[in-house]
>>> print(open('upload-v4.txt').read())   # compact mmCIF, C-alpha atoms
# COMPACT_ATOMS: atom_id res chain seq x y z
CA MET A 23 58.51 271.83 40.59
CA LYS A 24 61.84 273.35 39.65
CA GLY A 25 61.99 275.08 43.03
CA VAL A 26 61.35 271.80 44.85
CA GLU A 27 64.02 270.05 42.79
CA LYS A 28 66.45 272.86 43.55
CA VAL A 29 65.77 272.55 47.27
CA GLU A 30 66.29 268.78 47.13
CA LEU A 31 69.56 269.15 45.24
CA LEU A 32 70.71 271.74 47.77
CA ARG A 33 69.83 269.38 50.60
CA TYR A 34 71.74 266.52 48.98
CA TRP A 35 74.75 268.78 48.47
CA LYS A 36 74.68 269.80 52.15
CA ILE A 37 74.69 266.14 53.16
CA ILE A 38 77.62 265.40 50.87
CA TRP A 39 79.53 268.45 52.12
CA ARG A 40 78.84 267.53 55.75
CA HIS A 41 80.28 264.03 55.29
CA LEU A 42 82.85 264.88 52.66
CA TRP A 43 85.57 263.41 54.84
CA VAL A 44 84.14 259.90 54.35
CA ILE A 45 84.16 260.26 50.57
CA VAL A 46 87.71 261.64 50.63
CA ILE A 47 88.95 258.72 52.75
CA VAL A 48 87.35 256.00 50.62
CA VAL A 49 88.36 257.52 47.29
CA GLY A 50 91.80 258.39 48.64
CA VAL A 51 92.54 254.83 49.79
CA VAL A 52 91.43 253.36 46.46
CA THR A 53 93.40 256.03 44.58
CA LEU A 54 96.56 255.11 46.49
CA TYR A 55 96.00 251.43 45.69
CA VAL A 56 95.35 252.13 42.00
CA GLY A 57 98.35 254.43 41.76
CA TYR A 58 100.69 251.91 43.41
CA SER A 59 99.40 249.05 41.25
CA ALA A 60 99.70 251.09 38.06
CA TYR A 61 103.23 252.16 39.02
CA LYS A 62 104.27 248.53 39.59
CA LEU A 63 102.79 247.44 36.27
CA HIS A 64 104.45 250.36 34.51
CA LYS A 65 107.82 249.20 35.81
CA GLU A 66 107.18 245.54 35.03
CA HIS A 67 107.34 243.95 31.61
CA THR A 68 106.13 240.66 30.24
CA TYR A 69 107.45 238.69 27.30
CA SER A 70 105.58 237.11 24.43
CA SER A 71 106.50 234.57 21.77
CA ALA A 72 104.43 233.23 18.90
CA VAL A 73 104.34 230.25 16.58
CA THR A 74 102.25 229.81 13.42
CA VAL A 75 100.83 226.47 12.30
CA GLN A 76 98.68 225.44 9.37
CA ILE A 77 95.81 223.11 10.13
CA GLY A 78 94.09 221.04 7.48
CA VAL A 79 92.94 217.64 6.29
CA SER A 80 95.59 214.98 6.03
CA ALA A 81 96.18 214.00 2.40
CA THR A 82 96.80 210.36 3.25
CA ALA A 83 94.07 209.85 5.80
CA THR A 84 90.70 208.27 5.09
CA LYS A 85 88.20 211.11 5.09
CA THR A 86 85.19 210.85 7.37
CA TYR A 87 83.02 213.16 5.24
CA SER A 88 81.84 213.22 1.65
CA ASN A 89 81.54 215.96 -0.97
CA ALA A 90 83.17 218.58 1.24
CA ASP A 91 85.57 221.22 0.12
CA ASP A 92 89.02 220.73 1.65
CA VAL A 93 89.69 224.46 1.98
CA SER A 94 86.45 225.11 3.84
CA VAL A 95 87.05 222.13 6.09
CA SER A 96 90.58 223.28 6.88
CA GLU A 97 89.41 226.78 7.72
CA SER A 98 86.64 225.41 9.93
CA LEU A 99 89.13 223.22 11.77
CA ALA A 100 91.55 226.10 12.23
CA ASP A 101 88.74 228.29 13.55
CA ALA A 102 87.65 225.59 16.00
CA PHE A 103 91.22 225.24 17.23
CA ALA A 104 91.83 228.99 17.61
CA THR A 105 88.50 230.00 19.17
CA GLY A 106 87.40 226.82 20.90
CA PRO A 107 88.26 225.47 24.36
CA ILE A 108 91.22 223.37 23.20
CA LEU A 109 93.96 225.86 24.07
CA THR A 110 92.74 226.22 27.64
CA SER A 111 91.85 222.55 28.19
CA SER A 112 93.74 220.72 30.91
CA ALA A 113 94.76 217.92 28.52
CA PHE A 114 96.34 220.31 26.01
CA ASP A 115 98.06 222.42 28.67
CA ASN A 116 99.41 219.34 30.45
CA ALA A 117 100.79 218.08 27.14
CA ILE A 118 102.59 221.40 26.67
CA TYR A 119 103.95 221.23 30.23
CA HIS A 120 105.38 217.73 29.68
CA GLN A 121 106.78 218.80 26.31
CA ILE A 122 108.61 221.66 28.01
CA ILE A 123 110.21 219.13 30.36
CA GLN A 124 111.34 217.10 27.36
CA ASP A 125 112.71 220.26 25.73
CA SER A 126 114.74 221.24 28.81
CA GLY A 127 118.00 220.64 26.92
CA ALA A 128 117.07 222.94 24.07
CA ILE A 129 115.79 225.60 26.49
CA ALA A 130 119.02 225.45 28.50
CA GLN A 131 121.06 225.68 25.32
CA LYS A 132 119.25 228.87 24.34
CA PHE A 133 118.89 230.55 27.74
CA GLY A 134 121.62 228.94 29.83
CA ALA A 135 121.55 226.42 32.65
CA ASN A 136 118.54 226.44 34.99
CA PRO A 137 116.42 228.77 32.83
CA ASP A 138 113.75 230.75 34.66
CA LEU A 139 110.30 229.99 33.24
CA GLY A 140 108.70 232.64 35.41
CA ASP A 141 104.96 232.33 35.93
CA CYS A 142 104.58 229.80 33.08
CA ASN A 143 105.84 226.87 35.12
CA THR A 144 102.53 225.03 35.62
CA ALA A 145 99.89 223.66 33.28
CA GLY A 146 97.24 226.05 34.63
CA ALA A 147 99.46 229.08 34.08
CA ILE A 148 100.26 227.92 30.56
CA GLY A 149 96.58 227.79 29.65
CA ALA A 150 96.02 231.31 30.95
CA ALA A 151 99.00 232.59 28.93
CA LEU A 152 97.85 231.27 25.54
CA SER A 153 95.86 233.15 22.91
CA ALA A 154 95.36 232.53 19.19
CA THR A 155 94.31 234.26 16.00
CA ARG A 156 93.29 232.69 12.69
CA ALA A 157 93.82 233.72 9.08
CA HIS A 158 92.25 231.14 6.76
CA SER A 159 93.82 227.82 7.81
CA LEU A 160 96.78 229.48 9.55
CA VAL A 161 96.67 229.77 13.34
CA THR A 162 99.13 231.99 15.20
CA ILE A 163 99.45 231.01 18.85
CA THR A 164 100.89 233.60 21.21
CA ASP A 165 101.83 233.16 24.84
CA THR A 166 102.73 235.80 27.40
CA CYS A 167 104.99 235.00 30.35
CA SER A 168 107.01 236.93 32.88
CA THR A 169 110.41 235.77 31.56
CA PRO A 170 111.91 235.37 28.06
CA ALA A 171 112.73 231.71 28.68
CA GLY A 172 109.17 230.94 29.75
CA ALA A 173 107.67 232.68 26.72
CA TRP A 174 109.93 230.88 24.25
CA ALA A 175 109.57 227.49 25.95
CA VAL A 176 105.77 227.60 25.95
CA ALA A 177 105.53 228.75 22.33
CA ASN A 178 108.01 226.10 21.18
CA ALA A 179 106.25 223.31 23.08
CA THR A 180 102.83 224.50 21.86
CA GLY A 181 103.97 224.21 18.25
CA GLU A 182 105.36 220.71 18.84
CA VAL A 183 102.22 219.49 20.60
CA THR A 184 99.96 220.99 17.94
CA VAL A 185 101.86 219.40 15.06
CA GLY A 186 102.35 216.04 16.73
CA GLN A 187 98.96 215.56 18.41
CA ILE A 188 96.44 217.67 16.50
CA GLY A 189 94.33 214.63 15.61
CA TYR A 190 93.79 213.85 19.30
CA TYR A 191 92.42 217.28 20.12
CA LEU A 192 90.67 218.11 16.85
CA ASP A 193 88.70 215.58 14.80
CA TYR A 194 85.27 215.04 13.30
CA LEU A 195 84.94 211.59 14.85
CA VAL A 196 85.04 211.71 18.64
CA ASN A 197 86.15 208.42 20.12
CA ASN A 198 85.04 208.13 23.73
CA ASN A 199 87.73 205.57 24.39
CA ALA A 200 90.56 207.66 22.95
CA THR A 201 93.49 208.32 25.23
CA LEU A 202 96.65 210.26 24.68
CA ALA A 203 98.70 207.13 25.27
CA THR A 204 97.06 205.32 22.35
CA PHE A 205 97.08 208.29 19.98
CA ASN A 206 98.34 207.48 16.50
CA PRO A 207 98.79 210.47 14.14
CA SER A 208 98.62 208.25 11.05
CA GLN A 209 95.02 207.35 11.89
CA ALA A 210 93.84 210.96 12.22
CA ASP A 211 92.02 212.94 9.55
CA MET A 212 93.61 216.17 10.74
CA SER A 213 97.17 217.36 10.22
CA ALA A 214 99.21 220.39 11.16
CA ARG A 215 102.60 221.75 10.18
CA LEU A 216 104.77 224.58 11.35
CA ILE A 217 104.75 227.62 9.09
CA SER A 218 107.22 229.71 11.07
CA SER A 219 109.71 229.00 13.80
CA VAL A 220 109.13 230.31 17.29
CA SER A 221 109.67 234.06 17.45
CA ASP A 222 112.20 235.47 19.88
CA PRO A 223 110.63 236.79 23.08
CA ALA A 224 109.50 240.39 22.76
CA THR A 225 108.79 242.69 25.68
CA THR A 226 105.25 243.92 26.20
CA ALA A 227 103.99 246.52 28.66
CA ALA A 228 102.11 245.00 31.58
CA LEU A 229 99.91 248.10 31.93
CA THR A 230 97.37 247.40 29.22
CA SER A 231 94.22 249.27 28.23
CA SER A 232 92.10 246.66 29.99
CA LYS A 233 94.01 247.28 33.23
CA ILE A 234 93.50 251.03 32.87
CA ALA A 235 89.77 250.49 32.37
CA GLN A 236 89.72 248.24 35.43
CA TYR A 237 91.42 250.89 37.56
CA ALA A 238 89.00 253.56 36.31
CA ALA A 239 86.09 251.32 37.27
CA LEU A 240 87.56 250.88 40.76
CA LEU A 241 87.68 254.66 41.22
CA VAL A 242 84.06 255.02 40.11
CA ILE A 243 83.01 252.25 42.52
CA ALA A 244 84.96 253.92 45.33
CA LEU A 245 83.15 257.20 44.68
CA ALA A 246 79.79 255.43 44.73
CA ILE A 247 80.66 253.68 48.01
CA GLY A 248 81.79 256.97 49.53
CA LEU A 249 78.51 258.68 48.58
CA ALA A 250 76.52 255.75 49.95
CA LEU A 251 78.41 255.92 53.26
CA ALA A 252 77.81 259.67 53.45
CA PHE A 253 74.04 259.28 53.10
CA PHE A 254 74.07 256.32 55.51
CA LEU A 255 75.82 258.40 58.16
CA GLU A 256 73.29 261.18 57.60
CA TYR A 257 70.46 258.67 58.04
CA MET A 258 71.93 257.40 61.30
CA ASP A 259 72.52 260.92 62.65
CA ASP A 260 69.48 262.04 64.71
CA ARG A 261 70.80 265.51 65.56
CA ILE A 262 68.85 268.59 64.44
CA ARG A 263 71.10 270.68 62.23
CA GLU A 264 68.70 272.90 60.27
CA LYS A 265 65.62 274.94 61.05
CA ASP A 266 63.55 272.98 58.53
CA GLN A 267 64.29 269.80 60.46
CA ALA A 268 63.03 271.42 63.69
CA ALA A 269 59.87 272.67 61.99
CA ASN A 270 59.08 269.26 60.51
CA LEU A 271 59.80 267.48 63.80
CA LEU A 272 57.68 269.82 65.97
CA GLY A 273 55.00 270.55 63.40
CA LEU A 274 55.28 274.28 64.06
CA PRO A 275 55.96 277.18 61.69
CA ILE A 276 59.20 279.14 61.76
CA LEU A 277 58.58 282.63 63.06
CA GLY A 278 62.20 283.78 63.12
CA ASN A 279 65.72 282.78 63.91
CA VAL A 280 68.51 284.15 66.04
CA PRO A 281 71.69 284.82 64.06
CA GLY A 282 74.97 283.46 65.30
CA ALA A 283 77.13 285.62 67.55
CA PRO A 284 79.78 287.59 65.69
CA VAL A 285 83.37 286.44 65.91
CA LEU A 286 85.77 288.90 67.51
CA GLY A 287 88.06 290.58 65.03
CA ARG A 288 85.70 290.03 62.09
CA LYS A 289 83.04 292.27 60.65
>>> encode(input="upload-v4.txt", output="structure tokens")
Amino acid sequence: MKGVEKVELLRYWKIIWRHLWVIVIVVGVVTLYVGYSAYKLHKEHTYSSAVTVQIGVSATATKTYSNADDVSVSESLADAFATGPILTSSAFDNAIYHQIIQDSGAIAQKFGANPDLGDCNTAGAIGAALSATRAHSLVTITDTCSTPAGAWAVANATGEVTVGQIGYYLDYLVNNNATLATFNPSQADMSARLISSVSDPATTAALTSSKIAQYAALLVIALAIGLALAFFLEYMDDRIREKDQAANLLGLPILGNVPGAPVLGRK
């Protein structure tokens, strides 16, 4: 059995060696793409800003639950806000976008006239840029944008929307008729307050570990495609290249073979 396996492995290696050019081309093209993309990301930088808010039960609101611990409720609300779909919802992201427009004066004062918001200039891009972490009832919201002005503007507007409209996005009682236009913070059970001001934009490397893993996966896929193409070309090739192929095709034993003619100038 080991001899048969050895013969099969040798046959597979001959096929790979015969069509090695296909593998080299496929892997080479993908390698060039990965290298160029990694080089661009290495040269590029993104900017991130963060804001921390505390989420809890409003002290003046009429509670909609009974015999519940306020600390546990606050932590549950903060967890729902940080890990739930609120940050990426279209309503929340649109509210941030409109808040940025209202804050245009403050943004211009900090970053100059006509500040460049980079890739965080639409509601959809804002949602993709947001992430959050929770520690007890404290939620730190971080956004990543291509420009310092965009990072600071989104973080600042996110803090304002969270503090001013938390009861609309996070509540025990869901009112199907609730609209943002009729939202009244004094009627909400939830409340939020800023714990820290918006951090100054900090540069972050665009070439992250997830990108490196993605590029490595592309190279592995390219190698697999190259091998598959090599065996496909061998399958489509009907030429007889080896004596074993001739013996199997004709059903006759091999009695001998004629060696190749010697090359002049070589022993």
>>> closest_residue(input="upload-v4.txt", among="A:Asn279, A:Ser213, A:Thr155, A:Thr166", to="His67 (chain A)", atoms="all atoms listed in the file")
A:Thr166
>>> closest_residue(input="upload-v4.txt", among="A:Val220, A:Ala104, A:Ala135, A:Ala173", to="Ser153 (chain A)", atoms="all atoms listed in the file")
A:Ala104
>>> atom_distance(input="upload-v4.txt", atom1="CA of Pro137 (chain A)", atom2="CA of Gln187 (chain A)")
26.2 Å
>>> closest_residue(input="upload-v4.txt", among="A:Thr162, A:Ser70, A:Thr53, A:Thr169", to="Ile217 (chain A)", atoms="only C-alpha atoms")
A:Thr162
>>> closest_residue(input="upload-v4.txt", among="A:Ile77, A:Ala171, A:Ser231, A:Thr180", to="Ser98 (chain A)", atoms="all atoms listed in the file")
A:Ile77
>>> residues_around(input="upload-v4.txt", residues="Leu249 (chain A)", least_positions_apart="3", cutoff="9 Å", atoms="all atoms listed in the file", output="PyMOL selection string")
chain A and resi 38+41-42+44-45+244-246+252-254
>>> closest_residue(input="upload-v4.txt", among="A:Asn116, A:Asn136, A:Thr74, A:Thr184", to="Thr164 (chain A)", atoms="all atoms listed in the file")
A:Thr74
>>> residues_near_point(input="upload-v4.txt", point="(106.4, 222.4, 31.0)", cutoff="8 Å", atoms="all atoms listed in the file", output="list in words")
Asn116, Ile118, Tyr119, His120, Gln121, Ile122, Ile123, Cys142, Asn143, Thr144, Ala145, Ala175, Val176 and Ala179 of chain A
>>> closest_residue(input="upload-v4.txt", among="A:Ala150, A:Ala72, A:Ala269, A:Ala239", to="Ser218 (chain A)", atoms="only C-alpha atoms")
A:Ala72
>>> atom_distance(input="upload-v4.txt", atom1="CA of Thr110 (chain A)", atom2="CA of Ala130 (chain A)")
26.3 Å
>>> decode(input="upload-v4.txt", residues="region 97-138 of chain A", atoms="N, CA and C atoms", output="PDB file, in the first residue's frame")
ATOM      1  N   GLU A  97     -26.961  48.531  34.040  1.00  0.00           N
ATOM      2  CA  GLU A  97     -25.971  47.747  33.322  1.00  0.00           C
ATOM      3  C   GLU A  97     -26.594  46.993  32.151  1.00  0.00           C
ATOM      4  N   SER A  98     -27.808  46.504  32.335  1.00  0.00           N
ATOM      5  CA  SER A  98     -28.490  45.808  31.242  1.00  0.00           C
ATOM      6  C   SER A  98     -28.788  46.768  30.094  1.00  0.00           C
ATOM      7  N   LEU A  99     -29.203  47.977  30.429  1.00  0.00           N
ATOM      8  CA  LEU A  99     -29.479  48.973  29.397  1.00  0.00           C
ATOM      9  C   LEU A  99     -28.204  49.359  28.650  1.00  0.00           C
ATOM     10  N   ALA A 100     -27.131  49.559  29.405  1.00  0.00           N
ATOM     11  CA  ALA A 100     -25.856  49.911  28.776  1.00  0.00           C
ATOM     12  C   ALA A 100     -25.376  48.787  27.862  1.00  0.00           C
ATOM     13  N   ASP A 101     -25.564  47.542  28.293  1.00  0.00           N
ATOM     14  CA  ASP A 101     -25.150  46.410  27.472  1.00  0.00           C
ATOM     15  C   ASP A 101     -25.985  46.334  26.197  1.00  0.00           C
ATOM     16  N   ALA A 102     -27.282  46.578  26.322  1.00  0.00           N
ATOM     17  CA  ALA A 102     -28.151  46.556  25.143  1.00  0.00           C
ATOM     18  C   ALA A 102     -27.763  47.652  24.155  1.00  0.00           C
ATOM     19  N   PHE A 103     -27.370  48.804  24.685  1.00  0.00           N
ATOM     20  CA  PHE A 103     -26.986  49.911  23.813  1.00  0.00           C
ATOM     21  C   PHE A 103     -25.651  49.632  23.122  1.00  0.00           C
ATOM     22  N   ALA A 104     -24.695  49.049  23.853  1.00  0.00           N
ATOM     23  CA  ALA A 104     -23.352  48.842  23.304  1.00  0.00           C
ATOM     24  C   ALA A 104     -23.291  47.663  22.344  1.00  0.00           C
ATOM     25  N   THR A 105     -24.052  46.604  22.615  1.00  0.00           N
ATOM     26  CA  THR A 105     -23.937  45.383  21.817  1.00  0.00           C
ATOM     27  C   THR A 105     -25.116  45.158  20.890  1.00  0.00           C
ATOM     28  N   GLY A 106     -26.179  45.917  21.045  1.00  0.00           N
ATOM     29  CA  GLY A 106     -27.355  45.733  20.214  1.00  0.00           C
ATOM     30  C   GLY A 106     -27.247  46.438  18.876  1.00  0.00           C
ATOM     31  N   PRO A 107     -28.351  46.465  18.125  1.00  0.00           N
ATOM     32  CA  PRO A 107     -28.337  47.046  16.777  1.00  0.00           C
ATOM     33  C   PRO A 107     -28.552  48.557  16.734  1.00  0.00           C
ATOM     34  N   ILE A 108     -28.578  49.207  17.895  1.00  0.00           N
ATOM     35  CA  ILE A 108     -28.918  50.634  17.913  1.00  0.00           C
ATOM     36  C   ILE A 108     -27.868  51.457  17.184  1.00  0.00           C
ATOM     37  N   LEU A 109     -26.589  51.207  17.457  1.00  0.00           N
ATOM     38  CA  LEU A 109     -25.528  52.027  16.881  1.00  0.00           C
ATOM     39  C   LEU A 109     -25.510  51.977  15.356  1.00  0.00           C
ATOM     40  N   THR A 110     -25.907  50.863  14.793  1.00  0.00           N
ATOM     41  CA  THR A 110     -25.878  50.725  13.337  1.00  0.00           C
ATOM     42  C   THR A 110     -27.258  50.904  12.702  1.00  0.00           C
ATOM     43  N   SER A 111     -28.253  51.286  13.494  1.00  0.00           N
ATOM     44  CA  SER A 111     -29.586  51.490  12.933  1.00  0.00           C
ATOM     45  C   SER A 111     -29.618  52.773  12.114  1.00  0.00           C
ATOM     46  N   SER A 112     -30.462  52.775  11.099  1.00  0.00           N
ATOM     47  CA  SER A 112     -30.538  53.942  10.219  1.00  0.00           C
ATOM     48  C   SER A 112     -31.057  55.168  10.965  1.00  0.00           C
ATOM     49  N   ALA A 113     -31.979  54.974  11.916  1.00  0.00           N
ATOM     50  CA  ALA A 113     -32.524  56.106  12.662  1.00  0.00           C
ATOM     51  C   ALA A 113     -31.440  56.778  13.500  1.00  0.00           C
ATOM     52  N   PHE A 114     -30.651  55.984  14.202  1.00  0.00           N
ATOM     53  CA  PHE A 114     -29.585  56.533  15.047  1.00  0.00           C
ATOM     54  C   PHE A 114     -28.508  57.211  14.203  1.00  0.00           C
ATOM     55  N   ASP A 115     -28.115  56.575  13.108  1.00  0.00           N
ATOM     56  CA  ASP A 115     -27.056  57.136  12.266  1.00  0.00           C
ATOM     57  C   ASP A 115     -27.527  58.405  11.552  1.00  0.00           C
ATOM     58  N   ASN A 116     -28.795  58.448  11.155  1.00  0.00           N
ATOM     59  CA  ASN A 116     -29.330  59.660  10.546  1.00  0.00           C
ATOM     60  C   ASN A 116     -29.389  60.799  11.553  1.00  0.00           C
ATOM     61  N   ALA A 117     -29.711  60.465  12.806  1.00  0.00           N
ATOM     62  CA  ALA A 117     -29.732  61.492  13.848  1.00  0.00           C
ATOM     63  C   ALA A 117     -28.330  62.069  14.059  1.00  0.00           C
ATOM     64  N   ILE A 118     -27.324  61.220  14.025  1.00  0.00           N
ATOM     65  CA  ILE A 118     -25.947  61.699  14.160  1.00  0.00           C
ATOM     66  C   ILE A 118     -25.576  62.589  12.974  1.00  0.00           C
ATOM     67  N   TYR A 119     -25.970  62.167  11.775  1.00  0.00           N
ATOM     68  CA  TYR A 119     -25.659  62.949  10.573  1.00  0.00           C
ATOM     69  C   TYR A 119     -26.267  64.349  10.652  1.00  0.00           C
ATOM     70  N   HIS A 120     -27.526  64.443  11.064  1.00  0.00           N
ATOM     71  CA  HIS A 120     -28.179  65.750  11.185  1.00  0.00           C
ATOM     72  C   HIS A 120     -27.568  66.559  12.328  1.00  0.00           C
ATOM     73  N   GLN A 121     -27.121  65.895  13.383  1.00  0.00           N
ATOM     74  CA  GLN A 121     -26.470  66.604  14.481  1.00  0.00           C
ATOM     75  C   GLN A 121     -25.138  67.190  14.027  1.00  0.00           C
ATOM     76  N   ILE A 122     -24.433  66.466  13.171  1.00  0.00           N
ATOM     77  CA  ILE A 122     -23.176  66.994  12.629  1.00  0.00           C
ATOM     78  C   ILE A 122     -23.433  68.271  11.838  1.00  0.00           C
ATOM     79  N   ILE A 123     -24.516  68.285  11.069  1.00  0.00           N
ATOM     80  CA  ILE A 123     -24.864  69.497  10.317  1.00  0.00           C
ATOM     81  C   ILE A 123     -25.126  70.655  11.272  1.00  0.00           C
ATOM     82  N   GLN A 124     -25.826  70.384  12.362  1.00  0.00           N
ATOM     83  CA  GLN A 124     -26.087  71.435  13.347  1.00  0.00           C
ATOM     84  C   GLN A 124     -24.803  71.887  14.044  1.00  0.00           C
ATOM     85  N   ASP A 125     -23.837  70.997  14.159  1.00  0.00           N
ATOM     86  CA  ASP A 125     -22.579  71.326  14.830  1.00  0.00           C
ATOM     87  C   ASP A 125     -21.534  71.889  13.872  1.00  0.00           C
ATOM     88  N   SER A 126     -21.926  72.256  12.665  1.00  0.00           N
ATOM     89  CA  SER A 126     -20.948  72.695  11.659  1.00  0.00           C
ATOM     90  C   SER A 126     -20.122  73.881  12.152  1.00  0.00           C
ATOM     91  N   GLY A 127     -20.752  74.774  12.942  1.00  0.00           N
ATOM     92  CA  GLY A 127     -20.014  75.924  13.465  1.00  0.00           C
ATOM     93  C   GLY A 127     -18.906  75.505  14.415  1.00  0.00           C
ATOM     94  N   ALA A 128     -19.222  74.594  15.326  1.00  0.00           N
ATOM     95  CA  ALA A 128     -18.216  74.129  16.275  1.00  0.00           C
ATOM     96  C   ALA A 128     -17.109  73.340  15.577  1.00  0.00           C
ATOM     97  N   ILE A 129     -17.479  72.567  14.558  1.00  0.00           N
ATOM     98  CA  ILE A 129     -16.468  71.801  13.813  1.00  0.00           C
ATOM     99  C   ILE A 129     -15.535  72.745  13.067  1.00  0.00           C
ATOM    100  N   ALA A 130     -16.118  73.780  12.429  1.00  0.00           N
ATOM    101  CA  ALA A 130     -15.300  74.753  11.705  1.00  0.00           C
ATOM    102  C   ALA A 130     -14.401  75.540  12.654  1.00  0.00           C
ATOM    103  N   GLN A 131     -14.900  75.805  13.843  1.00  0.00           N
ATOM    104  CA  GLN A 131     -14.084  76.539  14.814  1.00  0.00           C
ATOM    105  C   GLN A 131     -12.871  75.722  15.250  1.00  0.00           C
ATOM    106  N   LYS A 132     -13.031  74.404  15.291  1.00  0.00           N
ATOM    107  CA  LYS A 132     -11.940  73.541  15.750  1.00  0.00           C
ATOM    108  C   LYS A 132     -10.995  73.159  14.616  1.00  0.00           C
ATOM    109  N   PHE A 133     -11.544  72.954  13.411  1.00  0.00           N
ATOM    110  CA  PHE A 133     -10.729  72.443  12.307  1.00  0.00           C
ATOM    111  C   PHE A 133     -10.635  73.404  11.127  1.00  0.00           C
ATOM    112  N   GLY A 134     -11.174  74.608  11.270  1.00  0.00           N
ATOM    113  CA  GLY A 134     -11.095  75.570  10.189  1.00  0.00           C
ATOM    114  C   GLY A 134     -12.305  75.514   9.277  1.00  0.00           C
ATOM    115  N   ALA A 135     -12.375  76.482   8.380  1.00  0.00           N
ATOM    116  CA  ALA A 135     -13.506  76.555   7.452  1.00  0.00           C
ATOM    117  C   ALA A 135     -13.497  75.365   6.500  1.00  0.00           C
ATOM    118  N   ASN A 136     -14.704  74.931   6.116  1.00  0.00           N
ATOM    119  CA  ASN A 136     -14.886  73.796   5.211  1.00  0.00           C
ATOM    120  C   ASN A 136     -14.097  72.567   5.668  1.00  0.00           C
ATOM    121  N   PRO A 137     -14.351  72.078   6.866  1.00  0.00           N
ATOM    122  CA  PRO A 137     -13.603  70.908   7.352  1.00  0.00           C
ATOM    123  C   PRO A 137     -13.912  69.668   6.519  1.00  0.00           C
ATOM    124  N   ASP A 138     -12.917  68.851   6.334  1.00  0.00           N
ATOM    125  CA  ASP A 138     -13.047  67.623   5.550  1.00  0.00           C
ATOM    126  C   ASP A 138     -13.455  66.482   6.479  1.00  0.00           C
TER     127      ASP A 138
END
